[in-house]
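Below: target_31.pdb (PDB, C-alpha atoms)
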```
ATOM      1  CA  MET E   1     140.883 153.005  63.150  1.00  0.00           C
ATOM      2  CA  LYS E   2     141.601 153.699  66.795  1.00  0.00           C
ATOM      3  CA  VAL E   3     141.055 157.263  67.959  1.00  0.00           C
ATOM      4  CA  SER E   4     142.172 158.728  71.254  1.00  0.00           C
ATOM      5  CA  LYS E   5     140.871 161.918  72.794  1.00  0.00           C
ATOM      6  CA  LYS E   6     144.421 163.239  72.723  1.00  0.00           C
ATOM      7  CA  SER E   7     144.505 162.995  68.935  1.00  0.00           C
ATOM      8  CA  ILE E   8     141.382 165.134  68.737  1.00  0.00           C
ATOM      9  CA  ASP E   9     142.713 167.837  71.028  1.00  0.00           C
ATOM     10  CA  THR E  10     146.250 168.093  69.694  1.00  0.00           C
ATOM     11  CA  PHE E  11     146.101 166.867  66.056  1.00  0.00           C
ATOM     12  CA  ASP E  12     148.723 164.192  66.855  1.00  0.00           C
ATOM     13  CA  TYR E  13     147.467 162.195  63.871  1.00  0.00           C
ATOM     14  CA  GLY E  14     146.933 165.256  61.694  1.00  0.00           C
ATOM     15  CA  TYR E  15     143.137 165.106  61.610  1.00  0.00           C
ATOM     16  CA  THR E  16     140.185 166.047  63.808  1.00  0.00           C
ATOM     17  CA  ILE E  17     137.206 163.884  64.729  1.00  0.00           C
ATOM     18  CA  ILE E  18     134.712 166.186  66.384  1.00  0.00           C
ATOM     19  CA  ASP E  19     132.724 163.556  68.280  1.00  0.00           C
ATOM     20  CA  PRO E  20     134.308 160.065  68.278  1.00  0.00           C
ATOM     21  CA  LYS E  21     131.424 158.538  70.211  1.00  0.00           C
ATOM     22  CA  ASN E  22     129.025 159.412  67.385  1.00  0.00           C
ATOM     23  CA  THR E  23     131.299 158.673  64.422  1.00  0.00           C
ATOM     24  CA  TYR E  24     132.099 155.325  62.776  1.00  0.00           C
ATOM     25  CA  ILE E  25     135.385 154.831  60.913  1.00  0.00           C
ATOM     26  CA  ASP E  26     136.601 151.456  59.651  1.00  0.00           C
ATOM     27  CA  SER E  27     140.191 150.438  60.362  1.00  0.00           C
ATOM     28  CA  THR E  28     140.716 150.309  56.572  1.00  0.00           C
ATOM     29  CA  VAL E  29     139.992 154.029  56.090  1.00  0.00           C
ATOM     30  CA  GLU E  30     142.854 156.472  55.448  1.00  0.00           C
ATOM     31  CA  LEU E  31     142.578 160.095  56.567  1.00  0.00           C
ATOM     32  CA  GLY E  32     144.905 162.840  55.329  1.00  0.00           C
ATOM     33  CA  LYS E  33     146.310 165.631  57.425  1.00  0.00           C
ATOM     34  CA  GLY E  34     143.991 168.438  58.391  1.00  0.00           C
ATOM     35  CA  CYS E  35     140.826 166.413  57.739  1.00  0.00           C
ATOM     36  CA  VAL E  36     137.758 167.134  59.828  1.00  0.00           C
ATOM     37  CA  ILE E  37     135.151 164.428  60.411  1.00  0.00           C
ATOM     38  CA  GLU E  38     131.870 165.799  61.727  1.00  0.00           C
ATOM     39  CA  PRO E  39     129.458 163.826  63.975  1.00  0.00           C
ATOM     40  CA  PHE E  40     127.102 161.080  62.774  1.00  0.00           C
ATOM     41  CA  SER E  41     129.289 160.231  59.782  1.00  0.00           C
ATOM     42  CA  PHE E  42     130.204 156.719  58.598  1.00  0.00           C
ATOM     43  CA  LEU E  43     133.454 156.056  56.732  1.00  0.00           C
ATOM     44  CA  LYS E  44     133.743 152.467  55.598  1.00  0.00           C
ATOM     45  CA  GLY E  45     135.686 150.066  53.390  1.00  0.00           C
ATOM     46  CA  ASN E  46     138.527 151.182  51.158  1.00  0.00           C
ATOM     47  CA  THR E  47     137.946 154.891  51.651  1.00  0.00           C
ATOM     48  CA  ILE E  48     140.713 157.481  51.361  1.00  0.00           C
ATOM     49  CA  VAL E  49     140.133 161.098  52.374  1.00  0.00           C
ATOM     50  CA  GLY E  50     142.620 163.672  51.097  1.00  0.00           C
ATOM     51  CA  ASP E  51     144.268 166.448  53.089  1.00  0.00           C
ATOM     52  CA  TYR E  52     142.100 169.209  54.555  1.00  0.00           C
ATOM     53  CA  SER E  53     138.817 167.676  53.432  1.00  0.00           C
ATOM     54  CA  LYS E  54     135.708 167.870  55.606  1.00  0.00           C
ATOM     55  CA  ILE E  55     133.232 165.011  55.876  1.00  0.00           C
ATOM     56  CA  GLY E  56     129.828 165.449  57.472  1.00  0.00           C
ATOM     57  CA  PRO E  57     127.926 165.965  59.509  1.00  0.00           C
ATOM     58  CA  SER E  58     125.741 162.936  58.824  1.00  0.00           C
ATOM     59  CA  SER E  59     127.514 161.614  55.729  1.00  0.00           C
ATOM     60  CA  TYR E  60     127.945 158.006  54.593  1.00  0.00           C
ATOM     61  CA  ILE E  61     131.148 157.251  52.666  1.00  0.00           C
ATOM     62  CA  GLU E  62     132.063 153.729  51.486  1.00  0.00           C
ATOM     63  CA  ASN E  63     134.833 152.660  49.089  1.00  0.00           C
ATOM     64  CA  VAL E  64     135.447 156.197  47.866  1.00  0.00           C
ATOM     65  CA  LYS E  65     138.665 158.004  47.048  1.00  0.00           C
ATOM     66  CA  ILE E  66     138.311 161.678  47.965  1.00  0.00           C
ATOM     67  CA  GLY E  67     140.857 164.333  47.008  1.00  0.00           C
ATOM     68  CA  LYS E  68     142.120 167.363  48.906  1.00  0.00           C
ATOM     69  CA  ASN E  69     140.020 170.292  50.122  1.00  0.00           C
ATOM     70  CA  CYS E  70     136.642 168.623  49.592  1.00  0.00           C
ATOM     71  CA  ASN E  71     133.478 169.284  51.558  1.00  0.00           C
ATOM     72  CA  ILE E  72     130.858 166.539  51.722  1.00  0.00           C
ATOM     73  CA  ASN E  73     127.948 167.196  54.055  1.00  0.00           C
ATOM     74  CA  TYR E  74     124.712 165.294  54.732  1.00  0.00           C
ATOM     75  CA  SER E  75     125.411 163.126  51.679  1.00  0.00           C
ATOM     76  CA  THR E  76     126.091 159.539  50.584  1.00  0.00           C
ATOM     77  CA  CYS E  77     129.019 158.534  48.383  1.00  0.00           C
ATOM     78  CA  VAL E  78     129.648 154.890  47.479  1.00  0.00           C
ATOM     79  CA  ASN E  79     132.096 153.110  45.150  1.00  0.00           C
ATOM     80  CA  SER E  80     133.217 156.276  43.382  1.00  0.00           C
ATOM     81  CA  ASN E  81     136.158 158.621  42.821  1.00  0.00           C
ATOM     82  CA  ILE E  82     136.035 162.283  43.834  1.00  0.00           C
ATOM     83  CA  GLU E  83     138.871 164.631  42.892  1.00  0.00           C
ATOM     84  CA  SER E  84     140.129 167.695  44.810  1.00  0.00           C
ATOM     85  CA  ASP E  85     138.269 170.929  45.644  1.00  0.00           C
ATOM     86  CA  VAL E  86     134.820 169.386  45.288  1.00  0.00           C
ATOM     87  CA  GLU E  87     131.721 170.395  47.242  1.00  0.00           C
ATOM     88  CA  ILE E  88     128.831 167.950  47.635  1.00  0.00           C
ATOM     89  CA  GLY E  89     125.519 168.344  49.434  1.00  0.00           C
ATOM     90  CA  PRO E  90     123.502 168.624  51.415  1.00  0.00           C
ATOM     91  CA  TYR E  91     121.417 165.511  50.741  1.00  0.00           C
ATOM     92  CA  SER E  92     123.059 164.285  47.542  1.00  0.00           C
ATOM     93  CA  ARG E  93     124.047 160.779  46.453  1.00  0.00           C
ATOM     94  CA  ILE E  94     127.040 159.649  44.388  1.00  0.00           C
ATOM     95  CA  ARG E  95     127.165 155.942  43.465  1.00  0.00           C
ATOM     96  CA  ASP E  96     128.051 153.082  41.119  1.00  0.00           C
ATOM     97  CA  ASN E  97     131.560 153.946  39.942  1.00  0.00           C
ATOM     98  CA  SER E  98     130.933 157.616  39.308  1.00  0.00           C
ATOM     99  CA  TYR E  99     133.767 160.082  38.768  1.00  0.00           C
ATOM    100  CA  VAL E 100     133.653 163.702  39.975  1.00  0.00           C
ATOM    101  CA  GLY E 101     136.383 165.971  38.631  1.00  0.00           C
ATOM    102  CA  LYS E 102     138.212 168.865  40.249  1.00  0.00           C
ATOM    103  CA  HIS E 103     136.386 172.015  41.343  1.00  0.00           C
ATOM    104  CA  VAL E 104     132.974 170.442  40.720  1.00  0.00           C
ATOM    105  CA  TYR E 105     129.989 171.715  42.692  1.00  0.00           C
ATOM    106  CA  ILE E 106     127.131 169.312  43.434  1.00  0.00           C
ATOM    107  CA  GLY E 107     124.400 170.976  45.448  1.00  0.00           C
ATOM    108  CA  ASN E 108     121.336 169.693  47.256  1.00  0.00           C
ATOM    109  CA  TYR E 109     119.266 166.647  46.295  1.00  0.00           C
ATOM    110  CA  VAL E 110     121.385 165.547  43.341  1.00  0.00           C
ATOM    111  CA  GLU E 111     121.869 161.876  42.432  1.00  0.00           C
ATOM    112  CA  ILE E 112     124.768 160.819  40.234  1.00  0.00           C
ATOM    113  CA  LYS E 113     124.879 157.186  39.079  1.00  0.00           C
ATOM    114  CA  SER E 114     127.515 155.552  36.850  1.00  0.00           C
ATOM    115  CA  SER E 115     128.516 158.942  35.467  1.00  0.00           C
ATOM    116  CA  SER E 116     131.565 161.121  34.884  1.00  0.00           C
ATOM    117  CA  ILE E 117     131.506 164.828  35.713  1.00  0.00           C
ATOM    118  CA  LYS E 118     134.561 166.681  34.443  1.00  0.00           C
ATOM    119  CA  ASP E 119     136.338 169.666  36.019  1.00  0.00           C
ATOM    120  CA  HIS E 120     134.583 172.922  36.947  1.00  0.00           C
ATOM    121  CA  SER E 121     131.051 171.732  36.200  1.00  0.00           C
ATOM    122  CA  ARG E 122     128.046 172.546  38.377  1.00  0.00           C
ATOM    123  CA  ILE E 123     124.920 170.555  39.234  1.00  0.00           C
ATOM    124  CA  SER E 124     123.207 172.699  41.798  1.00  0.00           C
ATOM    125  CA  HIS E 125     119.726 171.385  42.641  1.00  0.00           C
ATOM    126  CA  PHE E 126     117.270 168.504  42.350  1.00  0.00           C
ATOM    127  CA  SER E 127     118.777 166.619  39.406  1.00  0.00           C
ATOM    128  CA  TYR E 128     119.348 163.004  38.339  1.00  0.00           C
ATOM    129  CA  ILE E 129     122.440 162.221  36.272  1.00  0.00           C
ATOM    130  CA  GLY E 130     122.634 158.563  35.267  1.00  0.00           C
ATOM    131  CA  ASP E 131     124.893 156.811  32.732  1.00  0.00           C
ATOM    132  CA  ALA E 132     126.199 160.169  31.562  1.00  0.00           C
ATOM    133  CA  ILE E 133     129.463 161.818  30.612  1.00  0.00           C
ATOM    134  CA  ILE E 134     129.433 165.543  31.326  1.00  0.00           C
ATOM    135  CA  GLY E 135     132.243 167.746  30.065  1.00  0.00           C
ATOM    136  CA  SER E 136     134.052 170.574  31.825  1.00  0.00           C
ATOM    137  CA  HIS E 137     132.538 173.980  32.663  1.00  0.00           C
ATOM    138  CA  VAL E 138     128.994 172.654  32.200  1.00  0.00           C
ATOM    139  CA  ASN E 139     126.056 174.134  34.093  1.00  0.00           C
ATOM    140  CA  ILE E 140     123.181 171.754  34.825  1.00  0.00           C
ATOM    141  CA  GLY E 141     120.023 173.620  35.781  1.00  0.00           C
ATOM    142  CA  ALA E 142     117.680 172.626  38.589  1.00  0.00           C
ATOM    143  CA  GLY E 143     115.396 169.697  37.885  1.00  0.00           C
ATOM    144  CA  THR E 144     117.399 168.265  34.992  1.00  0.00           C
ATOM    145  CA  VAL E 145     116.968 164.534  34.380  1.00  0.00           C
ATOM    146  CA  THR E 146     118.915 162.180  32.153  1.00  0.00           C
ATOM    147  CA  CYS E 147     116.148 159.782  31.156  1.00  0.00           C
ATOM    148  CA  ASN E 148     118.484 156.838  30.820  1.00  0.00           C
ATOM    149  CA  TYR E 149     116.114 153.849  31.057  1.00  0.00           C
ATOM    150  CA  ASP E 150     113.812 152.999  28.150  1.00  0.00           C
ATOM    151  CA  GLY E 151     112.127 150.066  29.885  1.00  0.00           C
ATOM    152  CA  THR E 152     114.598 147.551  28.482  1.00  0.00           C
ATOM    153  CA  LYS E 153     118.125 148.903  28.847  1.00  0.00           C
ATOM    154  CA  LYS E 154     120.115 151.847  30.182  1.00  0.00           C
ATOM    155  CA  ASN E 155     121.269 154.443  27.636  1.00  0.00           C
ATOM    156  CA  ALA E 156     123.999 157.081  27.709  1.00  0.00           C
ATOM    157  CA  THR E 157     123.833 160.875  27.712  1.00  0.00           C
ATOM    158  CA  LEU E 158     126.869 162.816  26.461  1.00  0.00           C
ATOM    159  CA  ILE E 159     127.193 166.538  27.204  1.00  0.00           C
ATOM    160  CA  GLY E 160     130.111 168.486  25.739  1.00  0.00           C
ATOM    161  CA  ASP E 161     132.245 171.171  27.358  1.00  0.00           C
ATOM    162  CA  ASN E 162     130.811 174.595  28.219  1.00  0.00           C
ATOM    163  CA  CYS E 163     127.160 173.592  27.775  1.00  0.00           C
ATOM    164  CA  PHE E 164     124.295 175.297  29.564  1.00  0.00           C
ATOM    165  CA  ILE E 165     121.431 172.935  30.385  1.00  0.00           C
ATOM    166  CA  GLY E 166     118.356 174.897  31.383  1.00  0.00           C
ATOM    167  CA  SER E 167     116.217 174.116  34.409  1.00  0.00           C
ATOM    168  CA  GLY E 168     113.783 171.263  33.993  1.00  0.00           C
ATOM    169  CA  THR E 169     115.454 169.827  30.900  1.00  0.00           C
ATOM    170  CA  MET E 170     114.628 166.181  30.121  1.00  0.00           C
ATOM    171  CA  LEU E 171     117.425 164.477  28.185  1.00  0.00           C
ATOM    172  CA  ILE E 172     115.962 161.370  26.527  1.00  0.00           C
ATOM    173  CA  ALA E 173     118.890 158.988  26.165  1.00  0.00           C
ATOM    174  CA  PRO E 174     120.674 157.981  24.065  1.00  0.00           C
ATOM    175  CA  VAL E 175     121.439 161.600  23.234  1.00  0.00           C
ATOM    176  CA  LYS E 176     124.483 163.784  22.635  1.00  0.00           C
ATOM    177  CA  ILE E 177     124.704 167.519  23.362  1.00  0.00           C
ATOM    178  CA  GLY E 178     127.541 169.232  21.501  1.00  0.00           C
ATOM    179  CA  ALA E 179     129.996 171.639  23.096  1.00  0.00           C
ATOM    180  CA  LYS E 180     128.714 175.136  23.967  1.00  0.00           C
ATOM    181  CA  ALA E 181     125.104 174.130  23.270  1.00  0.00           C
ATOM    182  CA  ILE E 182     122.170 175.507  25.267  1.00  0.00           C
ATOM    183  CA  THR E 183     118.843 173.958  26.202  1.00  0.00           C
ATOM    184  CA  GLY E 184     116.007 176.230  27.256  1.00  0.00           C
ATOM    185  CA  ALA E 185     114.163 175.687  30.510  1.00  0.00           C
ATOM    186  CA  GLY E 186     111.661 172.848  30.258  1.00  0.00           C
ATOM    187  CA  SER E 187     113.112 171.428  27.054  1.00  0.00           C
ATOM    188  CA  VAL E 188     112.559 167.761  26.200  1.00  0.00           C
ATOM    189  CA  VAL E 189     115.581 166.763  24.152  1.00  0.00           C
ATOM    190  CA  THR E 190     114.941 163.663  22.025  1.00  0.00           C
ATOM    191  CA  LYS E 191     117.604 164.145  19.332  1.00  0.00           C
ATOM    192  CA  ASN E 192     121.295 165.059  19.275  1.00  0.00           C
ATOM    193  CA  VAL E 193     122.103 168.767  19.536  1.00  0.00           C
ATOM    194  CA  LYS E 194     124.944 170.217  17.490  1.00  0.00           C
ATOM    195  CA  GLU E 195     127.716 172.391  18.922  1.00  0.00           C
ATOM    196  CA  LYS E 196     126.898 176.045  19.680  1.00  0.00           C
ATOM    197  CA  THR E 197     123.189 175.409  19.123  1.00  0.00           C
ATOM    198  CA  THR E 198     120.262 176.512  21.276  1.00  0.00           C
ATOM    199  CA  VAL E 199     117.195 174.277  21.472  1.00  0.00           C
ATOM    200  CA  VAL E 200     113.875 174.910  23.217  1.00  0.00           C
ATOM    201  CA  GLY E 201     110.458 173.304  23.621  1.00  0.00           C
ATOM    202  CA  ASN E 202     108.857 169.858  23.684  1.00  0.00           C
ATOM    203  CA  PRO E 203     110.206 168.194  21.678  1.00  0.00           C
ATOM    204  CA  ALA E 204     113.222 170.487  21.634  1.00  0.00           C
ATOM    205  CA  ARG E 205     113.870 172.326  18.359  1.00  0.00           C
ATOM    206  CA  LYS E 206     116.589 174.686  17.232  1.00  0.00           C
ATOM    207  CA  LEU E 207     115.891 178.272  18.252  1.00  0.00           C
ATOM    208  CA  LYS E 208     115.828 180.462  15.156  1.00  0.00           C
TER     209      LYS E 208
END
```

Conversion result in structure tokens:
Amino acid sequence: MKVSKKSIDTFDYGYTIIDPKNTYIDSTVELGKGCVIEPFSFLKGNTIVGDYSKIGPSSYIENVKIGKNCNINYSTCVNSNIESDVEIGPYSRIRDNSYVGKHVYIGNYVEIKSSSIKDHSRISHFSYIGDAIIGSHVNIGAGTVTCNYDGTKKNATLIGDNCFIGSGTMLIAPVKIGAKAITGAGSVVTKNVKEKTTVVGNPARKLK
């Protein structure tokens, strides 16, 4: 992608690159109108950035489709699909064919690997989500880990809509959390949890 100073000053191409000398954009990348690319960002491969999205500063994006009105800062996204109105970072990583739905918030130091996060869910701090399907309107508390590897193979975690996963929850895959279920802070979930059920403790048990 060739960028002239004139395009930066006057939006001739419909987007803004704050500092072209410190930004790398492959010729294969597509930028929508109103996009802003902050310094020290890398956009590579078959990447598409939707209208009015902001990338950077210091983000690495490769082979990712990004929707409109997204904000990705100080983060890495590779080989994934990100819908509109998503906020990611700082210092998070999305990889390995992950899907991030609309209006999802992914905060600082979150890694998402081979997972699907549906609309309006939140993963705010210090979490690892691997080989998981997370429903809509789910809150993932700080320090949550999907323990997806048993030493031999990767296993799936399924979390239904409107769940509340407490801080520090360990989800020992394979495991399924039913819709509107709650896990207490520090829970170690080793068995499936039914819908509208609250579990606490290690191992997690139904709260009476």

Please evaluate the PyMOL selection byres ((chain E and resi 101) around 9) against the structure above and give the resulting residues as a ChimeraX atom specification.
/E:81-86,99-100,102-104,116-121,136

Residues of the last selection are to be written out with C-alpha atoms, as a compact mmCIF listing (two decimals), in the coordinates of the input.
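See part-v8.txt below for the written result:
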```
# COMPACT_ATOMS: atom_id res chain seq x y z
CA ASN E 81 136.16 158.62 42.82
CA ILE E 82 136.04 162.28 43.83
CA GLU E 83 138.87 164.63 42.89
CA SER E 84 140.13 167.70 44.81
CA ASP E 85 138.27 170.93 45.64
CA VAL E 86 134.82 169.39 45.29
CA TYR E 99 133.77 160.08 38.77
CA VAL E 100 133.65 163.70 39.98
CA LYS E 102 138.21 168.86 40.25
CA HIS E 103 136.39 172.02 41.34
CA VAL E 104 132.97 170.44 40.72
CA SER E 116 131.56 161.12 34.88
CA ILE E 117 131.51 164.83 35.71
CA LYS E 118 134.56 166.68 34.44
CA ASP E 119 136.34 169.67 36.02
CA HIS E 120 134.58 172.92 36.95
CA SER E 121 131.05 171.73 36.20
CA SER E 136 134.05 170.57 31.82
```

Assuming the chain letters and numbering stay as they are in my file, what does the PyMOL selection byres ((chain E and resi 16-24) around 7) actually select? List them as number ranges by chain.
E: 8, 11, 15, 25-26, 35-43

Run the PyMOL selection byres ((chain E and resi 114) around 6) against the file shown and list the residues it catches, as a CSV table (one decimal) with C-alpha atoms, keeping the file's coordinate frame.
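Dumped everything to selection-v2.csv:
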```csv
chain,number,residue,atom,x,y,z
E,96,ASP,CA,128.1,153.1,41.1
E,97,ASN,CA,131.6,153.9,39.9
E,98,SER,CA,130.9,157.6,39.3
E,113,LYS,CA,124.9,157.2,39.1
E,115,SER,CA,128.5,158.9,35.5
E,130,GLY,CA,122.6,158.6,35.3
E,131,ASP,CA,124.9,156.8,32.7
```

Select, counting all atoms listed in the file, all protein, DNA and RNA residues no farther than 9 Å from (140.7, 150.7, 58.9) in file coordinates, and express the selection as a list in words.
Met1, Lys2, Ile25, Asp26, Ser27, Thr28, Val29, Glu30, Lys44, Gly45, Asn46 and Thr47 of chain E

Between atom CA of Asn63 of chain E and atom CA of Gly50 of chain E, what is the spacing in Å?
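That distance, rounded to one decimal, is 13.6 Å.
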
Minimum-distance residue to Asn162 of chain E, chosen among E:Lys208, E:Lys54, E:Arg122, E:Lys68 (using only C-alpha atoms)
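Answer, going by the shortest atom-to-atom distance: E:Arg122.
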
As a PyMOL selection string, please: the residues near Ile123 of chain E (cut-off 8 Å, only C-alpha atoms, same-chain neighbours under 2 positions excluded).
chain E and resi 105-107+110+121+125+127+139-142

Between E:Cys163, E:Leu207, E:Ile112, E:Ile172, smallest distance to Asp150 of chain E by only C-alpha atoms belongs to E:Ile172

Using only C-alpha atoms, which of the listed residues (E:Lys191, E:Asn69, E:Pro57, E:Val78) sits closest to Pro90 of chain E?
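Smallest separation from Pro90 of chain E among the options: E:Pro57.
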
Some atoms are absent from segment 66-75 of chain E, so rebuild all heavy atoms and return them as a PDB file, keeping the file's coordinate frame.
```pdb
ATOM      1  N   ILE E  66     138.660 160.261  47.919  1.00  0.00           N
ATOM      2  CA  ILE E  66     138.311 161.678  47.965  1.00  0.00           C
ATOM      3  C   ILE E  66     139.593 162.499  47.969  1.00  0.00           C
ATOM      4  O   ILE E  66     140.505 162.238  48.755  1.00  0.00           O
ATOM      5  CB  ILE E  66     137.478 161.984  49.224  1.00  0.00           C
ATOM      6  CG1 ILE E  66     136.180 161.170  49.197  1.00  0.00           C
ATOM      7  CG2 ILE E  66     137.172 163.475  49.333  1.00  0.00           C
ATOM      8  CD1 ILE E  66     135.420 161.186  50.503  1.00  0.00           C
ATOM      9  N   GLY E  67     139.666 163.505  47.112  1.00  0.00           N
ATOM     10  CA  GLY E  67     140.857 164.333  47.008  1.00  0.00           C
ATOM     11  C   GLY E  67     140.958 165.371  48.111  1.00  0.00           C
ATOM     12  O   GLY E  67     140.225 165.349  49.107  1.00  0.00           O
ATOM     13  N   LYS E  68     141.861 166.316  47.923  1.00  0.00           N
ATOM     14  CA  LYS E  68     142.120 167.363  48.906  1.00  0.00           C
ATOM     15  C   LYS E  68     141.036 168.450  48.861  1.00  0.00           C
ATOM     16  O   LYS E  68     140.423 168.699  47.829  1.00  0.00           O
ATOM     17  CB  LYS E  68     143.479 168.005  48.643  1.00  0.00           C
ATOM     18  CG  LYS E  68     144.667 167.049  48.739  1.00  0.00           C
ATOM     19  CD  LYS E  68     145.958 167.781  48.415  1.00  0.00           C
ATOM     20  CE  LYS E  68     147.158 166.833  48.493  1.00  0.00           C
ATOM     21  NZ  LYS E  68     148.428 167.527  48.152  1.00  0.00           N
ATOM     22  N   ASN E  69     140.855 169.091  50.014  1.00  0.00           N
ATOM     23  CA  ASN E  69     140.020 170.292  50.122  1.00  0.00           C
ATOM     24  C   ASN E  69     138.578 170.067  49.658  1.00  0.00           C
ATOM     25  O   ASN E  69     137.972 170.957  49.053  1.00  0.00           O
ATOM     26  CB  ASN E  69     140.641 171.449  49.334  1.00  0.00           C
ATOM     27  CG  ASN E  69     142.032 171.786  49.795  1.00  0.00           C
ATOM     28  OD1 ASN E  69     142.273 171.991  50.989  1.00  0.00           O
ATOM     29  ND2 ASN E  69     142.971 171.833  48.861  1.00  0.00           N
ATOM     30  N   CYS E  70     138.037 168.902  49.934  1.00  0.00           N
ATOM     31  CA  CYS E  70     136.642 168.623  49.592  1.00  0.00           C
ATOM     32  C   CYS E  70     135.736 168.863  50.794  1.00  0.00           C
ATOM     33  O   CYS E  70     136.186 168.833  51.942  1.00  0.00           O
ATOM     34  CB  CYS E  70     136.495 167.183  49.110  1.00  0.00           C
ATOM     35  SG  CYS E  70     137.297 166.853  47.527  1.00  0.00           S
ATOM     36  N   ASN E  71     134.476 169.083  50.504  1.00  0.00           N
ATOM     37  CA  ASN E  71     133.478 169.284  51.558  1.00  0.00           C
ATOM     38  C   ASN E  71     132.248 168.466  51.204  1.00  0.00           C
ATOM     39  O   ASN E  71     131.564 168.752  50.215  1.00  0.00           O
ATOM     40  CB  ASN E  71     133.128 170.770  51.659  1.00  0.00           C
ATOM     41  CG  ASN E  71     132.172 171.055  52.804  1.00  0.00           C
ATOM     42  OD1 ASN E  71     131.861 170.179  53.605  1.00  0.00           O
ATOM     43  ND2 ASN E  71     131.688 172.282  52.879  1.00  0.00           N
ATOM     44  N   ILE E  72     131.986 167.434  51.987  1.00  0.00           N
ATOM     45  CA  ILE E  72     130.858 166.539  51.722  1.00  0.00           C
ATOM     46  C   ILE E  72     129.977 166.524  52.957  1.00  0.00           C
ATOM     47  O   ILE E  72     130.365 165.991  53.997  1.00  0.00           O
ATOM     48  CB  ILE E  72     131.336 165.120  51.383  1.00  0.00           C
ATOM     49  CG1 ILE E  72     132.264 165.153  50.161  1.00  0.00           C
ATOM     50  CG2 ILE E  72     130.152 164.192  51.144  1.00  0.00           C
ATOM     51  CD1 ILE E  72     132.907 163.829  49.833  1.00  0.00           C
ATOM     52  N   ASN E  73     128.790 167.109  52.865  1.00  0.00           N
ATOM     53  CA  ASN E  73     127.948 167.196  54.055  1.00  0.00           C
ATOM     54  C   ASN E  73     126.550 166.650  53.796  1.00  0.00           C
ATOM     55  O   ASN E  73     125.963 166.853  52.736  1.00  0.00           O
ATOM     56  CB  ASN E  73     127.897 168.639  54.572  1.00  0.00           C
ATOM     57  CG  ASN E  73     127.232 169.599  53.621  1.00  0.00           C
ATOM     58  OD1 ASN E  73     126.068 169.944  53.790  1.00  0.00           O
ATOM     59  ND2 ASN E  73     127.958 170.065  52.608  1.00  0.00           N
ATOM     60  N   TYR E  74     126.042 165.909  54.791  1.00  0.00           N
ATOM     61  CA  TYR E  74     124.712 165.294  54.732  1.00  0.00           C
ATOM     62  C   TYR E  74     124.507 164.529  53.426  1.00  0.00           C
ATOM     63  O   TYR E  74     123.428 164.610  52.820  1.00  0.00           O
ATOM     64  CB  TYR E  74     123.620 166.367  54.877  1.00  0.00           C
ATOM     65  CG  TYR E  74     123.542 166.987  56.252  1.00  0.00           C
ATOM     66  CD1 TYR E  74     124.106 168.240  56.486  1.00  0.00           C
ATOM     67  CD2 TYR E  74     122.904 166.344  57.309  1.00  0.00           C
ATOM     68  CE1 TYR E  74     124.042 168.824  57.743  1.00  0.00           C
ATOM     69  CE2 TYR E  74     122.828 166.920  58.567  1.00  0.00           C
ATOM     70  CZ  TYR E  74     123.402 168.163  58.772  1.00  0.00           C
ATOM     71  OH  TYR E  74     123.330 168.744  60.018  1.00  0.00           O
ATOM     72  N   SER E  75     125.495 163.795  52.973  1.00  0.00           N
ATOM     73  CA  SER E  75     125.411 163.126  51.679  1.00  0.00           C
ATOM     74  C   SER E  75     125.963 161.712  51.747  1.00  0.00           C
ATOM     75  O   SER E  75     126.671 161.342  52.689  1.00  0.00           O
ATOM     76  CB  SER E  75     126.147 163.939  50.609  1.00  0.00           C
ATOM     77  OG  SER E  75     125.491 165.170  50.375  1.00  0.00           O
TER      78      SER E  75
END
```
